[in-house]
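Coordinates as given in query_25.csv (CSV, C-alpha atoms and all ligand atoms):
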```csv
chain,number,residue,atom,x,y,z
N,1,MET,CA,0.3,18.5,13.3
N,2,ALA,CA,0.0,21.2,10.6
N,3,LEU,CA,-2.0,19.7,7.9
N,4,PRO,CA,-5.1,21.5,6.9
N,5,HIS,CA,-5.3,21.8,3.1
N,6,SER,CA,-7.3,20.1,0.5
N,7,ARG,CA,-8.3,20.5,-3.1
N,8,PRO,CA,-11.9,20.3,-4.1
N,9,ALA,CA,-13.0,16.8,-4.9
N,10,SER,CA,-12.0,15.8,-8.4
N,11,ARG,CA,-14.3,13.5,-10.3
N,12,ARG,CA,-11.6,12.5,-12.7
N,13,TRP,CA,-9.9,9.3,-11.6
N,14,PHE,CA,-6.6,8.6,-13.0
N,15,ALA,CA,-6.2,11.4,-15.3
N,16,PRO,CA,-4.5,13.9,-13.0
N,17,ARG,CA,-2.9,17.0,-14.5
N,18,ARG,CA,-0.5,17.1,-11.6
N,19,SER,CA,0.5,14.2,-9.4
N,20,SER,CA,-0.5,16.3,-6.4
N,21,GLU,CA,-4.1,15.9,-7.4
N,22,LEU,CA,-3.7,12.3,-6.4
N,23,LEU,CA,-2.8,13.2,-2.8
N,24,PRO,CA,-5.8,14.6,-1.0
N,25,THR,CA,-7.9,11.5,-0.5
N,26,ALA,CA,-9.8,11.8,2.7
N,27,MET,CA,-11.6,15.1,2.0
N,28,GLU,CA,-13.0,13.7,-1.2
N,29,LEU,CA,-14.5,10.8,0.8
N,30,SER,CA,-15.2,13.1,3.6
N,31,SER,CA,-17.0,11.5,6.4
N,32,PRO,CA,-17.7,13.4,9.7
N,33,GLU,CA,-14.6,12.0,11.3
N,34,ALA,CA,-12.3,12.5,8.3
N,35,LYS,CA,-9.2,14.3,9.3
N,36,PRO,CA,-7.3,16.8,7.2
N,37,VAL,CA,-4.7,15.2,4.9
N,38,ALA,CA,-1.1,16.2,4.9
N,39,VAL,CA,0.0,17.1,1.4
N,40,LYS,CA,3.5,18.1,2.4
N,41,GLY,CA,6.2,16.1,4.0
N,42,PRO,CA,7.0,12.4,3.9
N,43,VAL,CA,4.2,9.9,3.2
N,44,ALA,CA,5.5,7.5,5.8
N,45,GLU,CA,8.1,7.8,8.5
N,46,LEU,CA,9.4,5.2,10.9
N,47,LEU,CA,11.3,6.8,13.8
N,48,HIS,CA,13.4,4.5,15.9
N,49,VAL,CA,10.9,1.7,15.6
N,50,SER,CA,11.5,-1.5,17.5
N,51,LYS,CA,9.2,-4.5,17.6
N,52,LEU,CA,9.7,-7.3,20.1
N,53,TYR,CA,7.9,-10.6,20.2
N,54,GLY,CA,7.7,-12.8,23.3
N,55,SER,CA,9.4,-11.9,26.6
N,56,GLY,CA,12.3,-12.7,28.9
N,57,ASP,CA,14.9,-15.2,27.5
N,58,THR,CA,12.8,-15.9,24.4
N,59,VAL,CA,12.3,-12.4,23.3
N,60,VAL,CA,12.7,-11.8,19.5
N,61,ARG,CA,13.7,-8.4,18.3
N,62,ALA,CA,12.0,-8.5,15.0
N,63,LEU,CA,12.7,-4.8,14.3
N,64,ASP,CA,15.6,-3.1,16.1
N,65,ASP,CA,15.7,0.8,16.0
N,66,VAL,CA,14.5,1.2,12.4
N,67,CYS,CA,14.4,4.6,10.9
N,68,LEU,CA,12.9,4.9,7.4
N,69,THR,CA,11.4,7.8,5.5
N,70,VAL,CA,9.2,7.3,2.4
N,71,GLU,CA,9.0,10.5,0.4
N,72,ARG,CA,6.0,11.4,-1.7
N,73,GLY,CA,6.4,9.9,-5.2
N,74,ASP,CA,9.0,7.4,-4.0
N,75,TYR,CA,9.2,3.8,-5.2
N,76,LEU,CA,10.9,1.8,-2.6
N,77,ALA,CA,11.8,-1.9,-2.6
N,78,VAL,CA,12.4,-3.6,0.7
N,79,MET,CA,14.7,-6.7,0.4
N,80,GLY,CA,16.3,-9.0,2.9
N,81,THR,CA,16.5,-12.7,3.8
N,82,SER,CA,13.7,-14.7,5.4
N,83,GLY,CA,13.2,-13.6,9.0
N,84,SER,CA,15.0,-10.3,8.6
N,85,GLY,CA,11.9,-8.3,9.6
N,86,LYS,CA,10.3,-7.3,6.3
N,87,SER,CA,6.8,-8.5,7.1
N,88,THR,CA,7.0,-7.0,10.6
N,89,ALA,CA,7.9,-3.7,9.0
N,90,MET,CA,5.1,-4.0,6.5
N,91,ASN,CA,2.5,-4.8,9.2
N,92,ILE,CA,3.5,-1.7,11.0
N,93,LEU,CA,3.6,0.5,7.9
N,94,GLY,CA,0.2,-1.0,7.0
N,95,CYS,CA,-1.3,-0.1,10.4
N,96,LEU,CA,-2.0,-3.8,11.0
N,97,ASP,CA,0.4,-3.9,14.0
N,98,ARG,CA,2.0,-1.3,16.3
N,99,PRO,CA,5.6,-0.8,17.3
N,100,THR,CA,6.8,-1.9,20.7
N,101,SER,CA,8.7,1.4,20.8
N,102,GLY,CA,9.4,4.3,18.5
N,103,TYR,CA,7.0,6.3,16.3
N,104,TYR,CA,5.2,5.9,13.0
N,105,ARG,CA,3.8,8.8,11.1
N,106,LEU,CA,1.5,8.1,8.1
N,107,ASN,CA,0.8,11.1,6.0
N,108,GLY,CA,1.7,13.3,8.9
N,109,VAL,CA,-0.6,11.5,11.4
N,110,PRO,CA,1.2,10.1,14.5
N,111,VAL,CA,-0.2,6.6,14.4
N,112,GLU,CA,0.5,5.8,18.1
N,113,SER,CA,-2.0,8.5,19.1
N,114,LEU,CA,-4.9,6.7,17.5
N,115,ASP,CA,-7.2,4.1,19.0
N,116,ASP,CA,-8.0,1.0,17.0
N,117,ASP,CA,-11.0,2.4,15.2
N,118,ALA,CA,-9.2,5.5,14.2
N,119,LEU,CA,-6.3,3.4,13.0
N,120,ALA,CA,-8.6,1.3,10.9
N,121,ASP,CA,-10.0,4.4,9.5
N,122,LEU,CA,-6.6,5.8,8.7
N,123,ARG,CA,-5.6,2.5,7.0
N,124,ASN,CA,-8.7,2.5,4.8
N,125,ARG,CA,-8.1,6.1,3.8
N,126,GLU,CA,-4.4,6.3,3.2
N,127,LEU,CA,-3.3,2.8,2.2
N,128,GLY,CA,-3.7,0.4,-0.7
N,129,PHE,CA,-2.6,-3.2,-0.3
N,130,VAL,CA,-1.4,-5.8,-2.9
N,131,PHE,CA,-0.7,-9.3,-1.8
N,132,GLN,CA,1.2,-12.2,-3.3
N,133,GLN,CA,-2.0,-14.3,-3.6
N,134,PHE,CA,-4.2,-11.5,-5.1
N,135,HIS,CA,-7.0,-12.0,-2.6
N,136,LEU,CA,-9.8,-11.3,-5.1
N,137,LEU,CA,-13.3,-12.4,-4.4
N,138,PRO,CA,-13.9,-15.4,-6.8
N,139,GLN,CA,-17.6,-15.1,-7.3
N,140,ILE,CA,-17.8,-11.6,-8.6
N,141,SER,CA,-16.5,-9.7,-11.6
N,142,ALA,CA,-13.3,-7.8,-11.9
N,143,LEU,CA,-15.4,-4.6,-11.9
N,144,ASP,CA,-17.2,-5.6,-8.7
N,145,ASN,CA,-13.9,-6.5,-7.0
N,146,VAL,CA,-12.5,-3.1,-7.8
N,147,MET,CA,-15.8,-1.4,-6.6
N,148,LEU,CA,-15.7,-3.0,-3.2
N,149,PRO,CA,-13.4,-0.6,-1.4
N,150,MET,CA,-15.5,2.3,-2.6
N,151,ILE,CA,-18.6,0.9,-1.0
N,152,TYR,CA,-16.7,0.8,2.4
N,153,ALA,CA,-15.5,4.3,1.7
N,154,GLY,CA,-19.0,5.6,1.1
N,155,VAL,CA,-18.6,6.6,-2.6
N,156,PRO,CA,-21.9,7.2,-4.3
N,157,PRO,CA,-23.0,4.2,-6.4
N,158,GLU,CA,-23.1,6.0,-9.7
N,159,GLU,CA,-19.5,7.1,-9.2
N,160,ARG,CA,-18.2,3.7,-8.1
N,161,ARG,CA,-18.9,2.0,-11.4
N,162,GLU,CA,-17.3,4.7,-13.5
N,163,ARG,CA,-14.2,5.0,-11.3
N,164,ALA,CA,-13.7,1.2,-11.2
N,165,ARG,CA,-14.1,1.0,-15.0
N,166,GLN,CA,-11.5,3.7,-15.4
N,167,ALA,CA,-9.1,2.1,-13.0
N,168,LEU,CA,-9.3,-1.2,-14.8
N,169,GLU,CA,-8.7,0.6,-18.1
N,170,ARG,CA,-5.7,2.1,-16.4
N,171,VAL,CA,-4.2,-1.3,-15.8
N,172,GLY,CA,-5.0,-2.5,-19.3
N,173,LEU,CA,-8.1,-4.5,-18.5
N,174,ALA,CA,-10.8,-2.5,-20.2
N,175,GLN,CA,-11.9,-5.6,-22.1
N,176,ARG,CA,-12.1,-7.9,-19.1
N,177,ILE,CA,-14.2,-6.0,-16.6
N,178,ASP,CA,-17.0,-8.5,-16.6
N,179,ASN,CA,-14.7,-11.5,-16.1
N,180,ARG,CA,-14.5,-13.4,-12.8
N,181,PRO,CA,-11.0,-14.0,-11.4
N,182,ASN,CA,-10.8,-17.6,-12.6
N,183,GLN,CA,-11.4,-16.3,-16.1
N,184,LEU,CA,-8.2,-14.3,-15.9
N,185,SER,CA,-4.5,-15.1,-15.9
N,186,GLY,CA,-2.4,-14.6,-12.8
N,187,GLY,CA,-1.0,-11.4,-14.1
N,188,GLN,CA,-4.4,-10.1,-15.0
N,189,GLN,CA,-5.7,-11.0,-11.6
N,190,GLN,CA,-2.9,-9.1,-9.9
N,191,ARG,CA,-3.7,-6.1,-12.2
N,192,VAL,CA,-7.3,-6.3,-10.9
N,193,ALA,CA,-5.9,-6.3,-7.4
N,194,VAL,CA,-3.7,-3.3,-8.1
N,195,ALA,CA,-6.7,-1.4,-9.5
N,196,ARG,CA,-8.6,-2.3,-6.3
N,197,ALA,CA,-5.7,-1.1,-4.2
N,198,ILE,CA,-5.5,2.3,-5.8
N,199,ILE,CA,-9.2,3.0,-6.3
N,200,ASN,CA,-9.5,5.1,-3.1
N,201,ARG,CA,-6.5,7.1,-4.1
N,202,PRO,CA,-4.2,6.0,-1.3
N,203,ALA,CA,-1.2,8.0,-0.1
N,204,LEU,CA,0.8,4.9,-0.1
N,205,LEU,CA,0.6,1.6,-2.0
N,206,LEU,CA,2.0,-1.3,-0.1
N,207,ALA,CA,2.8,-4.6,-1.9
N,208,ASP,CA,4.1,-7.7,-0.2
N,209,GLU,CA,5.8,-10.0,-2.7
N,210,PRO,CA,3.4,-8.8,-5.5
N,211,THR,CA,5.1,-10.9,-8.1
N,212,GLY,CA,5.9,-13.9,-5.9
N,213,ALA,CA,3.2,-16.0,-7.5
N,214,LEU,CA,3.8,-14.9,-11.1
N,215,ASP,CA,6.0,-16.2,-13.9
N,216,SER,CA,8.6,-13.9,-15.4
N,217,ARG,CA,6.3,-12.7,-18.2
N,218,THR,CA,3.4,-11.8,-16.0
N,219,THR,CA,5.9,-10.4,-13.4
N,220,GLU,CA,6.8,-7.9,-16.2
N,221,GLU,CA,3.2,-7.0,-16.8
N,222,VAL,CA,2.7,-6.1,-13.1
N,223,LEU,CA,6.0,-4.3,-12.8
N,224,ALA,CA,5.1,-2.2,-15.9
N,225,ILE,CA,1.9,-1.2,-14.1
N,226,PHE,CA,3.9,-0.2,-11.0
N,227,ASP,CA,6.3,1.9,-13.1
N,228,ASP,CA,3.4,3.6,-14.7
N,229,LEU,CA,1.6,4.3,-11.4
N,230,ASN,CA,4.7,5.7,-9.9
N,231,ARG,CA,5.2,8.0,-12.9
N,232,GLN,CA,1.7,9.2,-12.2
N,233,GLY,CA,2.7,10.2,-8.7
N,234,ILE,CA,1.6,7.1,-6.7
N,235,THR,CA,4.0,6.3,-3.8
N,236,ILE,CA,4.9,2.6,-3.7
N,237,LEU,CA,6.6,0.4,-1.2
N,238,LEU,CA,7.0,-3.2,-2.0
N,239,VAL,CA,8.7,-6.2,-0.4
N,240,THR,CA,10.5,-8.6,-2.7
N,241,HIS,CA,13.3,-11.2,-2.7
N,242,GLU,CA,13.7,-11.0,-6.4
N,243,GLN,CA,16.5,-8.8,-7.6
N,244,GLU,CA,14.8,-8.0,-10.9
N,245,VAL,CA,11.9,-6.6,-9.0
N,246,GLY,CA,14.1,-4.6,-6.7
N,247,ASP,CA,16.0,-3.2,-9.7
N,248,ARG,CA,12.8,-1.5,-10.9
N,249,ALA,CA,12.4,0.6,-7.8
N,250,ARG,CA,13.9,4.1,-7.4
N,251,ARG,CA,15.4,3.0,-4.1
N,252,VAL,CA,16.2,-0.3,-2.3
N,253,VAL,CA,16.7,-0.9,1.4
N,254,HIS,CA,17.9,-4.1,2.9
N,255,PHE,CA,16.8,-5.6,6.2
N,256,ARG,CA,19.2,-7.7,8.2
N,257,ASP,CA,18.3,-9.1,11.6
N,258,GLY,CA,15.7,-6.5,12.2
N,259,ARG,CA,17.9,-3.6,11.3
N,260,LEU,CA,18.1,-1.5,8.1
N,261,ALA,CA,21.4,-2.2,6.4
N,262,GLY,CA,21.3,0.5,3.8
N,301,LIG,P1,10.6,-11.6,7.1
N,301,LIG,O1,9.2,-11.1,6.6
N,301,LIG,O2,11.7,-10.8,6.6
N,301,LIG,O3,10.8,-13.0,6.7
N,301,LIG,P2,9.4,-11.3,9.7
N,301,LIG,O4,9.2,-9.9,9.9
N,301,LIG,O5,8.3,-12.2,9.4
N,301,LIG,O6,10.6,-11.6,8.7
N,301,LIG,O7,10.1,-11.9,11.1
N,301,LIG,C1,11.2,-11.3,11.8
N,301,LIG,C2,11.5,-12.1,13.0
N,301,LIG,O8,10.4,-12.0,13.9
N,301,LIG,C3,11.7,-13.5,12.8
N,301,LIG,O9,12.7,-14.0,13.7
N,301,LIG,C4,10.4,-14.1,13.1
N,301,LIG,O10,10.5,-15.5,13.5
N,301,LIG,C5,9.9,-13.3,14.2
N,301,LIG,N1,8.5,-13.2,14.3
N,301,LIG,C6,7.7,-12.6,13.4
N,301,LIG,N2,6.4,-12.6,13.8
N,301,LIG,C7,6.4,-13.2,15.0
N,301,LIG,C8,5.4,-13.5,16.0
N,301,LIG,N3,4.1,-13.2,15.7
N,301,LIG,N4,5.7,-14.1,17.1
N,301,LIG,C9,7.0,-14.4,17.4
N,301,LIG,N5,8.0,-14.1,16.5
N,301,LIG,C10,7.7,-13.5,15.4
N,302,MG,MG,7.8,-12.1,5.4
```
Before we go any further, please render this structure as structure tokens.
Amino acid sequence: MALPHSRPASRRWFAPRRSSELLPTAMELSSPEAKPVAVKGPVAELLHVSKLYGSGDTVVRALDDVCLTVERGDYLAVMGTSGSGKSTAMNILGCLDRPTSGYYRLNGVPVESLDDDALADLRNRELGFVFQQFHLLPQISALDNVMLPMIYAGVPPEERRERARQALERVGLAQRIDNRPNQLSGGQQQRVAVARAIINRPALLLADEPTGALDSRTTEEVLAIFDDLNRQGITILLVTHEQEVGDRARRVVHFRDGRLAG
């Protein structure tokens, strides 16, 4: 593991001069156990990953010898029919599950070498998540929702508010920061969720059917945000079954029966 390199902490959120300024996340939030962050090489690499469920005659090979490299700055859409292994792959990429065999490197870190605590730490530091159903807390404002991950990451209170405000401005919601989720449209709620997902400057933004609950107009709102984020250097991997969503990515891969079919 040759990774030691980090820039000094930048107080500017989302006005990077260079996309590389978005990359060093952990050192900015440096906690005693924070590890150096890789700023070179792929963001994520699955190497001959298989995932088996069950055993004996009933074994299901949900992933079968999958190799996938996600380069820095990539925007990758994962497509495939139901049951083809997309969610299983996302769970592994998201450090929510481990491969049965094979290797996963996230920002240079060999995930299989980590215990569960270190894995959770890596997940919080390197990954942002967007889900189909937004998963915002209903009783608090958009601003407070976006501030939450920074509390867990130990960002000082005075910095949290300003960064959250800027992130919401970034997704076009500067006027709605005090609104609760039920005072926002679906597209606006998903934009709050995107702001929350990127607030700790993740190396990789993972989105599982992010437009699955949206109509075509609000789908467009969210896709425009993803386009914009990717132009700013954020690496995105999303799962979708909608061709129009896949078409927006730089690269599309298809799963079939647990295998990557190009
Ligand atoms: P997709 O997200 O593409 O619909 P999944 O990754 O959810 O596909 O599932 C891939 C295969 O693994 C399917 O055959 C599914 O039934 C099986 N599978 C997924 N999760 C489990 C589990 N927890 N236990 C047993 N089988 C599972
Ligand atoms: Mg699925």
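Using only C-alpha atoms and all ligand atoms, the shortest contact distance between ligand MG 302 (chain N) and any of N:Pro202, N:Gly56, N:Gly212, N:Gly108 is found at N:Gly212.
Distance annotation: of N:Asn124, N:Gln189, N:Thr240, N:Thr235, the residue with the minimal separation from ligand LIG 301 (chain N) is N:Thr240; atom set is all atoms listed in the file.
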Give, as lines of an AutoDock Vina configuration file, the centre coordinates and the x, y and z edge lengths in Å to one decimal for an axis-aligned box around all listed atoms of ligand LIG 301 (chain N), padded by 3 Å on each side.
```
center_x = 8.4
center_y = -12.7
center_z = 12.0
size_x = 14.6
size_y = 11.6
size_z = 16.8
```
(request) Dump the neighbourhood of ligand LIG 301 (chain N) as a ChimeraX atom specification: all residues within 12 Å, distances computed on all atoms listed in the file. (result) /N:50-55,58-64,78-93,97,208-209,238-241,254-260
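Separating CA of Glu45 (chain N) from CA of Asp121 (chain N) is a distance of 18.4 Å.
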(message) To one decimal place in Å, what is the distance between CA of Asn145 (chain N) and CA of Arg231 (chain N)?
(response) 24.7 Å
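Within the 7 Å cut-off around Ala44 (chain N), using all atoms listed in the file and omitting residues fewer than 2 positions from it on the same chain, the listed residues are Pro42, Leu46, Thr69, Val70, Arg105, Leu106 and Asn107 of chain N.
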(request) Please work out which residues fall within 6 Å of (3.6, 7.7, -3.4), coordinates as given in the file, with all atoms listed in the file counting, and return them as JSON, numbers by chain. (result) {"N": [72, 73, 74, 203, 204, 233, 234, 235, 236]}
(request) Would you work out the distance separating CA of Asp116 (chain N) from CA of Asp144 (chain N), expressed in Å to one decimal? (result) 28.1 Å
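When all atoms listed in the file are used to compute distances to Arg125 (chain N), the closest of the residues N:Arg161, N:Ala249, N:Ala153, N:Gln175 turns out to be N:Ala153.
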(message) Is it possible to get the residues within 12 Å of (-15.1, 1.4, 1.7) (coordinates as in the file, counting only C-alpha atoms) written as a PyMOL selection string?
(response) chain N and resi 26+29-31+120-128+145-157+160+196-197+199-201
(message) I need the residue nearest ligand MG 302 (chain N) from this list: N:Asp228, N:Val245, N:Ala207, N:Gln139. Use all atoms listed in the file for the distance.
(response) N:Ala207
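Proximity ranking of N:Gln132, N:Leu168, N:Pro138, N:Ala195 relative to ligand MG 302 (chain N) places N:Gln132 first, based on all atoms listed in the file.
When all atoms listed in the file are used to compute distances to Asp178 (chain N), the closest of the residues N:Leu206, N:Leu119, N:Ala142, N:Ala193 turns out to be N:Ala142.
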Completion of region 70-102 of chain N up to N, CA and C atoms, as a PDB file, in the coordinates of the input:
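Below you can see out.pdb, which holds the result:
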```
ATOM      1  N   VAL N  70       9.722   7.474   3.784  1.00  0.00           N
ATOM      2  CA  VAL N  70       9.200   7.300   2.400  1.00  0.00           C
ATOM      3  C   VAL N  70       8.675   8.598   1.929  1.00  0.00           C
ATOM      4  N   GLU N  71       9.379   9.174   0.969  1.00  0.00           N
ATOM      5  CA  GLU N  71       9.000  10.500   0.400  1.00  0.00           C
ATOM      6  C   GLU N  71       7.841  10.336  -0.551  1.00  0.00           C
ATOM      7  N   ARG N  72       7.103  11.401  -0.735  1.00  0.00           N
ATOM      8  CA  ARG N  72       6.000  11.400  -1.700  1.00  0.00           C
ATOM      9  C   ARG N  72       6.572  11.152  -3.118  1.00  0.00           C
ATOM     10  N   GLY N  73       5.965  10.220  -3.810  1.00  0.00           N
ATOM     11  CA  GLY N  73       6.400   9.900  -5.200  1.00  0.00           C
ATOM     12  C   GLY N  73       7.510   8.852  -5.214  1.00  0.00           C
ATOM     13  N   ASP N  74       7.925   8.382  -4.042  1.00  0.00           N
ATOM     14  CA  ASP N  74       9.000   7.400  -4.000  1.00  0.00           C
ATOM     15  C   ASP N  74       8.520   6.031  -4.501  1.00  0.00           C
ATOM     16  N   TYR N  75       9.453   5.210  -4.871  1.00  0.00           N
ATOM     17  CA  TYR N  75       9.200   3.800  -5.200  1.00  0.00           C
ATOM     18  C   TYR N  75      10.293   3.031  -4.566  1.00  0.00           C
ATOM     19  N   LEU N  76       9.939   2.396  -3.476  1.00  0.00           N
ATOM     20  CA  LEU N  76      10.900   1.800  -2.600  1.00  0.00           C
ATOM     21  C   LEU N  76      10.759   0.290  -2.550  1.00  0.00           C
ATOM     22  N   ALA N  77      11.861  -0.419  -2.736  1.00  0.00           N
ATOM     23  CA  ALA N  77      11.800  -1.900  -2.600  1.00  0.00           C
ATOM     24  C   ALA N  77      12.520  -2.255  -1.295  1.00  0.00           C
ATOM     25  N   VAL N  78      11.863  -3.099  -0.525  1.00  0.00           N
ATOM     26  CA  VAL N  78      12.400  -3.600   0.700  1.00  0.00           C
ATOM     27  C   VAL N  78      12.852  -5.050   0.462  1.00  0.00           C
ATOM     28  N   MET N  79      14.149  -5.313   0.666  1.00  0.00           N
ATOM     29  CA  MET N  79      14.700  -6.700   0.400  1.00  0.00           C
ATOM     30  C   MET N  79      15.314  -7.172   1.723  1.00  0.00           C
ATOM     31  N   GLY N  80      15.639  -8.454   1.730  1.00  0.00           N
ATOM     32  CA  GLY N  80      16.300  -9.000   2.900  1.00  0.00           C
ATOM     33  C   GLY N  80      15.907 -10.512   2.994  1.00  0.00           C
ATOM     34  N   THR N  81      16.734 -11.281   3.680  1.00  0.00           N
ATOM     35  CA  THR N  81      16.500 -12.700   3.800  1.00  0.00           C
ATOM     36  C   THR N  81      15.276 -12.998   4.651  1.00  0.00           C
ATOM     37  N   SER N  82      14.827 -14.225   4.608  1.00  0.00           N
ATOM     38  CA  SER N  82      13.700 -14.700   5.400  1.00  0.00           C
ATOM     39  C   SER N  82      14.013 -14.436   6.902  1.00  0.00           C
ATOM     40  N   GLY N  83      13.063 -13.872   7.620  1.00  0.00           N
ATOM     41  CA  GLY N  83      13.200 -13.600   9.000  1.00  0.00           C
ATOM     42  C   GLY N  83      13.944 -12.334   9.377  1.00  0.00           C
ATOM     43  N   SER N  84      14.223 -11.520   8.377  1.00  0.00           N
ATOM     44  CA  SER N  84      15.000 -10.300   8.600  1.00  0.00           C
ATOM     45  C   SER N  84      14.123  -9.131   9.105  1.00  0.00           C
ATOM     46  N   GLY N  85      12.787  -9.295   9.072  1.00  0.00           N
ATOM     47  CA  GLY N  85      11.900  -8.300   9.600  1.00  0.00           C
ATOM     48  C   GLY N  85      11.046  -7.544   8.600  1.00  0.00           C
ATOM     49  N   LYS N  86      11.060  -8.004   7.354  1.00  0.00           N
ATOM     50  CA  LYS N  86      10.300  -7.300   6.300  1.00  0.00           C
ATOM     51  C   LYS N  86       8.815  -7.291   6.568  1.00  0.00           C
ATOM     52  N   SER N  87       8.261  -8.454   6.884  1.00  0.00           N
ATOM     53  CA  SER N  87       6.800  -8.500   7.100  1.00  0.00           C
ATOM     54  C   SER N  87       6.416  -7.726   8.352  1.00  0.00           C
ATOM     55  N   THR N  88       7.243  -7.792   9.363  1.00  0.00           N
ATOM     56  CA  THR N  88       7.000  -7.000  10.600  1.00  0.00           C
ATOM     57  C   THR N  88       6.920  -5.526  10.238  1.00  0.00           C
ATOM     58  N   ALA N  89       7.863  -5.082   9.438  1.00  0.00           N
ATOM     59  CA  ALA N  89       7.900  -3.700   9.000  1.00  0.00           C
ATOM     60  C   ALA N  89       6.636  -3.340   8.196  1.00  0.00           C
ATOM     61  N   MET N  90       6.269  -4.248   7.285  1.00  0.00           N
ATOM     62  CA  MET N  90       5.100  -4.000   6.500  1.00  0.00           C
ATOM     63  C   MET N  90       3.823  -3.946   7.299  1.00  0.00           C
ATOM     64  N   ASN N  91       3.731  -4.826   8.305  1.00  0.00           N
ATOM     65  CA  ASN N  91       2.500  -4.800   9.200  1.00  0.00           C
ATOM     66  C   ASN N  91       2.421  -3.497   9.919  1.00  0.00           C
ATOM     67  N   ILE N  92       3.542  -2.956  10.326  1.00  0.00           N
ATOM     68  CA  ILE N  92       3.500  -1.700  11.000  1.00  0.00           C
ATOM     69  C   ILE N  92       3.173  -0.552  10.035  1.00  0.00           C
ATOM     70  N   LEU N  93       3.847  -0.550   8.895  1.00  0.00           N
ATOM     71  CA  LEU N  93       3.600   0.500   7.900  1.00  0.00           C
ATOM     72  C   LEU N  93       2.095   0.399   7.430  1.00  0.00           C
ATOM     73  N   GLY N  94       1.545  -0.822   7.402  1.00  0.00           N
ATOM     74  CA  GLY N  94       0.200  -1.000   7.000  1.00  0.00           C
ATOM     75  C   GLY N  94      -0.851  -0.824   8.079  1.00  0.00           C
ATOM     76  N   CYS N  95      -0.401  -0.372   9.240  1.00  0.00           N
ATOM     77  CA  CYS N  95      -1.300  -0.100  10.400  1.00  0.00           C
ATOM     78  C   CYS N  95      -2.017  -1.405  10.819  1.00  0.00           C
ATOM     79  N   LEU N  96      -1.414  -2.534  10.577  1.00  0.00           N
ATOM     80  CA  LEU N  96      -2.000  -3.800  11.000  1.00  0.00           C
ATOM     81  C   LEU N  96      -1.390  -4.212  12.361  1.00  0.00           C
ATOM     82  N   ASP N  97      -0.311  -3.558  12.728  1.00  0.00           N
ATOM     83  CA  ASP N  97       0.400  -3.900  14.000  1.00  0.00           C
ATOM     84  C   ASP N  97       1.021  -2.558  14.466  1.00  0.00           C
ATOM     85  N   ARG N  98       1.359  -2.536  15.749  1.00  0.00           N
ATOM     86  CA  ARG N  98       2.000  -1.300  16.300  1.00  0.00           C
ATOM     87  C   ARG N  98       3.367  -1.602  16.801  1.00  0.00           C
ATOM     88  N   PRO N  99       4.232  -0.586  16.741  1.00  0.00           N
ATOM     89  CA  PRO N  99       5.600  -0.800  17.300  1.00  0.00           C
ATOM     90  C   PRO N  99       5.579  -1.028  18.768  1.00  0.00           C
ATOM     91  N   THR N 100       6.597  -1.759  19.270  1.00  0.00           N
ATOM     92  CA  THR N 100       6.800  -1.900  20.700  1.00  0.00           C
ATOM     93  C   THR N 100       7.315  -0.529  21.243  1.00  0.00           C
ATOM     94  N   SER N 101       8.211   0.082  20.484  1.00  0.00           N
ATOM     95  CA  SER N 101       8.700   1.400  20.800  1.00  0.00           C
ATOM     96  C   SER N 101       9.021   2.168  19.538  1.00  0.00           C
ATOM     97  N   GLY N 102       9.113   3.470  19.649  1.00  0.00           N
ATOM     98  CA  GLY N 102       9.400   4.300  18.500  1.00  0.00           C
ATOM     99  C   GLY N 102       8.062   4.859  17.934  1.00  0.00           C
TER     100      GLY N 102
END
```
